[in-house]
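What follows is the content of run.csv (CSV, C-alpha atoms).
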chain,number,residue,atom,x,y,z
A,17,MET,CA,144.7,120.4,176.3
A,18,CYS,CA,148.2,119.1,176.0
A,19,ASN,CA,150.6,117.8,178.7
A,20,TRP,CA,153.7,119.5,177.3
A,21,GLN,CA,154.0,123.0,176.1
A,22,TYR,CA,156.6,124.9,174.2
A,23,ASP,CA,158.1,127.2,176.8
A,24,PHE,CA,158.0,130.3,174.5
A,25,PRO,CA,158.9,132.8,177.3
A,26,GLN,CA,162.4,131.3,177.3
A,27,LEU,CA,162.7,132.1,173.6
A,28,LEU,CA,161.3,135.6,174.2
A,29,GLU,CA,163.8,136.2,177.0
A,30,GLU,CA,166.8,135.1,174.8
A,31,MET,CA,165.7,137.3,171.9
A,32,ASP,CA,164.9,140.3,174.1
A,33,THR,CA,168.4,140.1,175.5
A,34,PHE,CA,169.8,139.9,172.0
A,35,ALA,CA,167.8,142.8,170.8
A,36,ASN,CA,168.8,144.9,173.8
A,37,THR,CA,172.4,144.1,173.3
A,38,LEU,CA,172.2,145.1,169.6
A,39,ASN,CA,170.6,148.4,170.4
A,40,ASP,CA,169.4,148.7,166.8
A,41,ILE,CA,166.1,150.5,166.4
A,42,ALA,CA,165.1,148.7,163.1
A,43,PHE,CA,165.8,145.3,164.5
A,44,THR,CA,164.0,146.0,167.8
A,45,GLN,CA,161.0,147.3,166.0
A,46,THR,CA,160.9,144.2,163.8
A,47,TRP,CA,161.3,142.0,166.9
A,48,ILE,CA,158.3,143.7,168.5
A,49,TYR,CA,156.4,143.3,165.3
A,50,THR,CA,157.2,139.6,165.2
A,51,GLN,CA,155.9,139.1,168.7
A,52,LYS,CA,152.7,140.9,167.8
A,53,MET,CA,152.2,138.9,164.6
A,54,ILE,CA,152.8,135.6,166.4
A,55,ALA,CA,150.2,136.7,169.1
A,56,ALA,CA,147.8,137.5,166.3
A,57,HIS,CA,148.5,134.1,164.7
A,58,ALA,CA,147.9,132.4,168.1
A,59,GLU,CA,144.4,134.1,168.3
A,60,ALA,CA,143.6,133.1,164.8
A,61,ILE,CA,144.4,129.4,165.3
A,62,ARG,CA,143.0,129.2,168.8
A,63,PRO,CA,139.9,127.0,169.3
A,64,LYS,CA,137.5,128.1,172.1
A,65,GLU,CA,138.6,125.3,174.4
A,66,MET,CA,142.3,126.3,174.2
A,67,SER,CA,143.8,128.7,176.6
A,68,LEU,CA,145.7,131.8,175.3
A,69,THR,CA,148.9,130.4,176.8
A,70,GLU,CA,148.5,127.1,174.9
A,71,ALA,CA,147.7,128.9,171.7
A,72,LEU,CA,150.8,131.1,172.1
A,73,SER,CA,152.9,128.0,172.8
A,74,LEU,CA,151.6,126.4,169.6
A,75,ALA,CA,152.1,129.5,167.6
A,76,TRP,CA,155.7,130.0,168.7
A,77,SER,CA,156.5,126.3,168.1
A,78,GLN,CA,155.1,126.8,164.6
A,79,PHE,CA,157.4,129.9,164.2
A,80,GLU,CA,160.4,127.7,165.1
A,81,SER,CA,159.2,125.1,162.5
A,82,THR,CA,158.9,127.8,159.9
A,83,PHE,CA,162.3,129.2,160.8
A,84,ASP,CA,163.8,125.8,159.9
A,85,GLU,CA,163.7,125.7,156.1
A,86,ASN,CA,164.0,121.9,156.1
A,87,ASP,CA,161.0,121.3,158.4
A,88,ASP,CA,157.9,119.9,156.7
A,89,ASP,CA,155.8,121.5,159.4
A,90,ALA,CA,156.6,125.1,158.2
A,91,ILE,CA,153.6,127.4,158.1
A,92,LEU,CA,153.4,129.5,155.0
A,93,ALA,CA,151.5,132.3,156.8
A,94,LEU,CA,154.5,132.7,159.1
A,95,ALA,CA,157.2,132.6,156.5
A,96,GLY,CA,157.0,136.3,155.7
A,97,ILE,CA,157.4,137.1,159.4
A,98,VAL,CA,160.5,134.9,159.6
A,99,ILE,CA,162.0,136.4,156.5
A,100,HIS,CA,161.3,140.0,157.7
A,101,LEU,CA,163.0,139.3,161.0
A,102,VAL,CA,166.1,137.7,159.5
A,103,ASN,CA,166.4,140.5,156.9
A,104,THR,CA,166.5,143.1,159.6
A,105,VAL,CA,169.5,141.6,161.4
A,106,PRO,CA,172.3,144.3,161.2
A,107,LEU,CA,175.3,143.5,159.1
A,108,GLY,CA,177.9,141.6,161.0
A,109,GLN,CA,175.4,140.2,163.5
A,110,THR,CA,174.1,137.2,161.6
A,111,ARG,CA,176.0,134.6,163.6
A,112,ALA,CA,175.1,136.2,166.9
A,113,PHE,CA,171.4,136.3,165.8
A,114,HIS,CA,171.4,132.7,164.8
A,115,ASP,CA,173.1,131.7,168.1
A,116,ALA,CA,170.6,133.7,170.1
A,117,ILE,CA,167.5,132.4,168.3
A,118,GLU,CA,168.7,128.7,168.3
A,119,ILE,CA,169.5,128.9,172.0
A,120,GLY,CA,166.1,130.4,172.5
A,121,PHE,CA,164.5,127.6,170.5
A,122,ALA,CA,166.3,125.0,172.5
A,123,ARG,CA,165.4,126.6,175.8
A,124,ALA,CA,161.7,126.7,174.7
A,125,ARG,CA,162.0,123.0,174.0
A,126,GLY,CA,163.1,122.4,177.5
A,127,PHE,CA,166.9,122.6,177.5
A,128,SER,CA,168.6,124.6,180.3
A,129,LYS,CA,170.4,127.7,179.2
A,130,GLU,CA,173.8,126.0,179.7
A,131,ASP,CA,172.7,122.9,177.7
A,132,ALA,CA,171.2,125.1,174.9
A,133,GLN,CA,174.5,127.0,174.7
A,134,GLN,CA,176.5,123.8,174.5
A,135,GLU,CA,174.2,122.4,171.9
A,136,ARG,CA,174.6,125.5,169.8
A,137,LEU,CA,178.3,125.5,170.2
A,138,ALA,CA,178.5,121.8,169.1
A,139,ALA,CA,176.2,122.6,166.1
A,140,SER,CA,178.4,125.6,165.1
A,141,GLN,CA,181.6,123.5,165.3
A,142,ALA,CA,180.1,120.6,163.3
A,143,SER,CA,178.9,123.1,160.6
A,144,TYR,CA,182.4,124.6,160.4
A,145,HIS,CA,184.1,121.2,160.1
A,146,GLN,CA,181.7,120.1,157.4
A,147,GLY,CA,183.3,122.3,154.8
A,148,HIS,CA,181.4,125.5,155.3
A,149,GLU,CA,184.6,127.5,155.4
A,150,PHE,CA,185.9,129.4,152.4
A,151,GLU,CA,188.9,131.5,151.6
A,152,LEU,CA,188.6,134.9,150.1
A,153,PRO,CA,190.9,135.7,147.2
A,154,THR,CA,193.9,137.8,148.2
A,155,PHE,CA,194.0,141.3,146.7
A,156,HIS,CA,197.4,143.0,146.3
A,157,PRO,CA,196.9,146.8,145.7
A,158,SER,CA,200.6,147.1,144.7
A,159,ASN,CA,200.0,144.8,141.7
A,160,PRO,CA,196.6,145.6,140.2
A,161,VAL,CA,195.4,143.7,137.2
A,162,LEU,CA,192.8,144.8,134.7
A,163,THR,CA,191.3,142.3,132.4
A,164,VAL,CA,189.4,143.3,129.2
A,165,ILE,CA,186.5,140.9,128.3
A,166,ASP,CA,184.8,140.6,124.9
A,167,GLY,CA,181.1,141.1,125.0
A,168,GLY,CA,178.5,143.7,125.2
A,169,LYS,CA,176.1,144.9,122.5
A,170,SER,CA,176.6,143.6,119.0

Can you give me the file's structure in the form of structure tokens?
Amino acid sequence: MCNWQYDFPQLLEEMDTFANTLNDIAFTQTWIYTQKMIAAHAEAIRPKEMSLTEALSLAWSQFESTFDENDDDAILALAGIVIHLVNTVPLGQTRAFHDAIEIGFARARGFSKEDAQQERLAASQASYHQGHEFELPTFHPSNPVLTVIDGGKS
């Protein structure tokens, strides 16, 4: 049906590796659930003349579009799946998750693993240099300060 397909097995490989590295039961279960839901979505959108592989390719590319909140091609039916997956990422693993999924997306679009990693590194550095850094206020336990505020019930 189409000459070029989204190479979704590359995405799955990248995310399977990430899930195995985490060794977090809740995330792994959600990742398996995500795969099953995207497969169900592929079946739902699949015309008779389209192969299952083509339908899966389309469904996973729609998943990527939905993952990118600024993409006009986002599919509302997939938004809950994306949110569920993102919300299951263990504390402290958000950046590693985003690195893994963005590398997986790039690989599915045809980048080599090395090029996908370089692309992600460049994007991370650009984001950091665009002012996304912040400084936490310093807390000095030897000099605590308590402030009383007016308010509450009248």

Quiz item: Quick one: residues within 12 Å of His57 of chain A, only C-alpha atoms counted, chain neighbours fewer than 6 positions away excluded, as number ranges by chain?
Solution: A: 50-51, 68, 71-79, 91-94, 97

Restricted to C-alpha atoms, what would the selected residues look like written as a CSV table (one decimal), in the frame of the given file?
chain,number,residue,atom,x,y,z
A,50,THR,CA,157.2,139.6,165.2
A,51,GLN,CA,155.9,139.1,168.7
A,68,LEU,CA,145.7,131.8,175.3
A,71,ALA,CA,147.7,128.9,171.7
A,72,LEU,CA,150.8,131.1,172.1
A,73,SER,CA,152.9,128.0,172.8
A,74,LEU,CA,151.6,126.4,169.6
A,75,ALA,CA,152.1,129.5,167.6
A,76,TRP,CA,155.7,130.0,168.7
A,77,SER,CA,156.5,126.3,168.1
A,78,GLN,CA,155.1,126.8,164.6
A,79,PHE,CA,157.4,129.9,164.2
A,91,ILE,CA,153.6,127.4,158.1
A,92,LEU,CA,153.4,129.5,155.0
A,93,ALA,CA,151.5,132.3,156.8
A,94,LEU,CA,154.5,132.7,159.1
A,97,ILE,CA,157.4,137.1,159.4

Exercise. Skip segment 35-48 of chain A itself and residues of its chain fewer than 4 positions away, then list as a PyMOL selection string all residues within 7 Å of it, counting only C-alpha atoms.
Key: chain A and resi 31+52+101+104-105

Self-check item: atom CA of Phe83 of chain A to atom CA of Ala95 of chain A, straight-line distance in Å
Solution: 7.5 Å

Self-check item: Point-to-point distance in Å for atom CA of Ile119 of chain A and atom CA of Ala132 of chain A
Solution: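 Pair atom CA of Ala132 of chain A / atom CA of Ile119 of chain A returns 5.1 Å.
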
Quiz item: Leaving out Lys129 of chain A and any residue of its chain fewer than 4 positions from it, which residues lie within 9 Å of it when counting only C-alpha atoms, given as JSON, numbers by chain?
Solution: {"A": [26, 119, 120, 122, 123, 133, 134]}
